[in-house]
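Student: Before I ask anything, here is the structure I am working with.
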Amino acid sequence: MKSTSALSLIAGAVALAAVTGFAALNEPSGGGTAEAKTAARLPVERTSLLCPAPGLSDLSETAYTAFTPSGGSGGSATAGSAGLLSSAKSDDKSDEKSDDKEKKGKSEKGGKDKPVVSLKEPGKPATGEASGADSPALIGTATGRFAPGWTAQQTTTIEAGDGRGLLGISCTVPDTDFWFPAASTAKSREDYVHLTNPDDTAAVADIELYGPDGSLKSDVGEGITVPAGSGVRVLISTLTSKAADDVTVHVTTRTGRVGAAVRTADDETGSDWLTASAEPAGTVVLPGIPADATSVRLVAFAPGDDDADLDLKLLGKTGAVTPAGHEELHVKSHMTAGMDLKDITRGEAGSLMLVPSEKGRATPVVAALRVVRGKGDKREVAYIPATGPVGARATVADNRSKGSVLSLTAPGAAATVKVTASAGSGGGTPVSKTYKIAAGTTTAVTPPVPTGLKGTYALTVETQSGGPVHAARTLTETVNGIQMFTVQTLPDDRGTVEVPAARQDLSVLDD
């Protein structure tokens, strides 16, 4: 089954392409050659983000929040702009079934664009909303002082029926290569790959699937055309005849670039977004497992030619421990490995770190966690992919007065971070608080809330000192007696870019 969605363009300027600076041509005094200067870090001047089409249900209600941190590397000398636009609603063809390869990648382009979110100033979130199954994907571009650290959150609530749950995603950066462990082609699952093309020319993508026994061969996932400014949904179970509980999805592009995300849905535990794992690495960190998780499943994949032997470390409130009965995981090359960790946190929030075992080499892997809270018909699911550290700064939008938990993990050396709650979208004064995280631990806190908060707000985490910190935000909303939740990781926002110093060479002007 495949379906398509229209893309909406984001108003103003908000796309993620960093400007690397320029060099002026000046004749050096005295006829000498100018000396090269040390490279500098400057604010990015343009940033792009892509939000996938949110709904497969007429009951879906979606909130959008856009935000750029104020101060710091904000590039305040340039006015710039940022926002989200929505085109005409797309034609949802999710009920059509076809194995015809010629139909893959077909999309419906939108009509006249109209704003969904328009950011007026850094430091204050802007919000928008959409309803129903045919809400389109969004493309966003921020420029000037709005570009450094610009982020957008898409949060969808589906109260009942197919795919019920709280589905949250930090809108993604366009790229050419994505890994998604923890997807599935099991009969109880309905997982879609969403591809969004921000550019003016068509992109061509390939989708590869890997199960516990290796590649799930299929020609249908090859050469998927994603038209310019459009989105495409692909139901991954139509790409293979094999049903597998744990599947790793690999998305690459032959031409162009796309935003990619996997929208999962389970008959019993609801639905959420699965975002891409961090780039393959020998050691990976998966932060922010809720204290009351009733089931945690680890899925890992080794994309290289070597097997990976990994030791598991649970980083809790007081330190790192090896989970009893879950000490290590062997991941064969090009095969997906899964491990049921059950209620690994046992009432204490934590993070999982995978490190090369003493008997193995540091083989790069990608990984993700499938986390379930609640019991029986009150269960709800979310996903935590391996993620990079906060670095200089990271931000997550759409926090409410209640329901947010921020997890901070220092897998190596101790660290100190500053957490700033922005002004509210409807009013409120920013508040900051400093947290110290001991080495090898996870600190889960109720984050600060802006004074006089009205609306929603953003959380910005900045590393002050010490080692790397990994972070995640859990957002919970109780609907019909179910604690629906979603988890977003906070990698470095890459709000600055290293600009190499230029040395002028007038000899290139000689005949």
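Every chain in the structure tokens takes a letter, A first, then B, and so on in the order presented; its residues are numbered from 1, and the ligands are numbered from 1 following the presented order.
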Which residues come within 6 Å of stretch 185-201 of chain A, counting only C-alpha atoms, excluding same-chain residues fewer than 5 positions away, as a list in words?
Tutor: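 Contacts, in chain order: Ile139, Ala228, Gly229, Ser230, Gly231, Val232, Arg233, Val234, Leu235, Ile236, Ser237, Ala243, Ala244, Asp245, Val258, Gly259, Ala260, Ala261, Val262, Arg263, Thr264, Ala265, Asp266 and Asp267 of chain A.
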Student: Kindly export the residues of the current selection with C-alpha atoms, as a compact mmCIF listing (two decimals), in the first residue's frame.
Tutor:
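Final output, saved to selection_36.txt:
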```txt
# COMPACT_ATOMS: atom_id res chain seq x y z
CA ILE A 139 8.66 22.58 4.12
CA ALA A 228 9.56 18.74 -6.29
CA GLY A 229 7.91 20.31 -3.27
CA SER A 230 5.93 17.17 -2.48
CA GLY A 231 5.65 14.29 -0.03
CA VAL A 232 5.29 10.55 -0.56
CA ARG A 233 4.19 7.82 1.87
CA VAL A 234 5.25 4.20 1.40
CA LEU A 235 3.83 1.35 3.50
CA ILE A 236 6.92 -0.77 4.16
CA SER A 237 5.03 -4.08 4.40
CA ALA A 243 6.77 -10.46 8.14
CA ALA A 244 9.41 -9.50 10.72
CA ASP A 245 8.99 -7.97 14.17
CA VAL A 258 14.65 14.46 1.22
CA GLY A 259 13.38 14.58 4.75
CA ALA A 260 12.58 11.08 6.01
CA ALA A 261 10.69 9.69 9.00
CA VAL A 262 8.81 6.48 9.82
CA ARG A 263 5.27 6.66 11.18
CA THR A 264 4.57 3.46 13.14
CA ALA A 265 1.20 2.11 14.26
CA ASP A 266 0.43 -0.98 16.32
CA ASP A 267 -2.96 -2.59 16.95
```
Student: Would you list the contacts of A:Glu380 as an MDAnalysis selection string, taking every protein, DNA or RNA residue within 6 Å and counting only C-alpha atoms, but skipping same-chain residues closer than 2 positions in sequence?
Tutor: chainID A and resid 269:270 372:373 484
Student: Pull C-alpha atoms from the residues just selected and write them as a CSV table (one decimal), in the first residue's frame.
Tutor:
```csv
chain,number,residue,atom,x,y,z
A,269,THR,CA,0.0,0.0,21.7
A,270,GLY,CA,-0.9,2.9,19.4
A,372,VAL,CA,5.9,1.1,26.1
A,373,ARG,CA,4.1,2.7,29.1
A,484,MET,CA,-0.2,9.1,25.8
```
Student: Using only C-alpha atoms for the distances, tell me which of A:Ser351, A:Gln483, A:Thr443, A:Ser131 is nearest to A:Asp377.
Tutor: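 The shortest atom-to-atom distance to A:Asp377 comes from A:Gln483.
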Student: Can you tell me which residues surround A:Asp272 at a distance of at most 9 Å, considering only C-alpha atoms, apart from same-chain residues fewer than 4 positions away, and format the answer as a list in words?
Tutor: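 What passes the distance filter is Gly163, Arg164, Gly165, Leu166, Leu167, Gly168, Ile169, Val262, Arg263, Thr264, Ala265, Val381, Ala382, Tyr383, Phe485 and Thr486 of chain A.
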Student: Find, counting only C-alpha atoms, the residue in A:Gly214, A:Gly221, A:Pro323, A:Pro356 that gets nearest to A:Asp340.
Tutor: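 Result for the nearest residue to A:Asp340: A:Pro323.
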Student: Which stretch 146-236 of chain A residues have any atom within 12 Å of an atom of stretch 277-280 of chain A, and for each, what is the nearest pair of atoms with distance in Å to one decimal, counting only C-alpha atoms, rows sorted by chain and number, as CSV?
Tutor:
```
residue,atom,partner,partner_atom,distance
A:Asp177,CA,A:Glu279,CA,9.2
A:Phe178,CA,A:Ser277,CA,7.5
A:Trp179,CA,A:Ser277,CA,5.7
A:Phe180,CA,A:Ser277,CA,6.0
A:Pro181,CA,A:Ser277,CA,7.3
A:Ala182,CA,A:Ser277,CA,10.0
A:Ala183,CA,A:Ser277,CA,11.8
```
Student: Hey, what does DSSP flag as strand (DSSP E) within stretch 302-499 of chain A? Can you give it to me as an MDAnalysis selection string?
Tutor: chainID A and resid 308:315 320:321 328:331 336:342 350:356 366:373 380:385 393:399 404:410 415:421 427:429 431:437 441:445 451:454 457:466 470:479 482:489 496:499
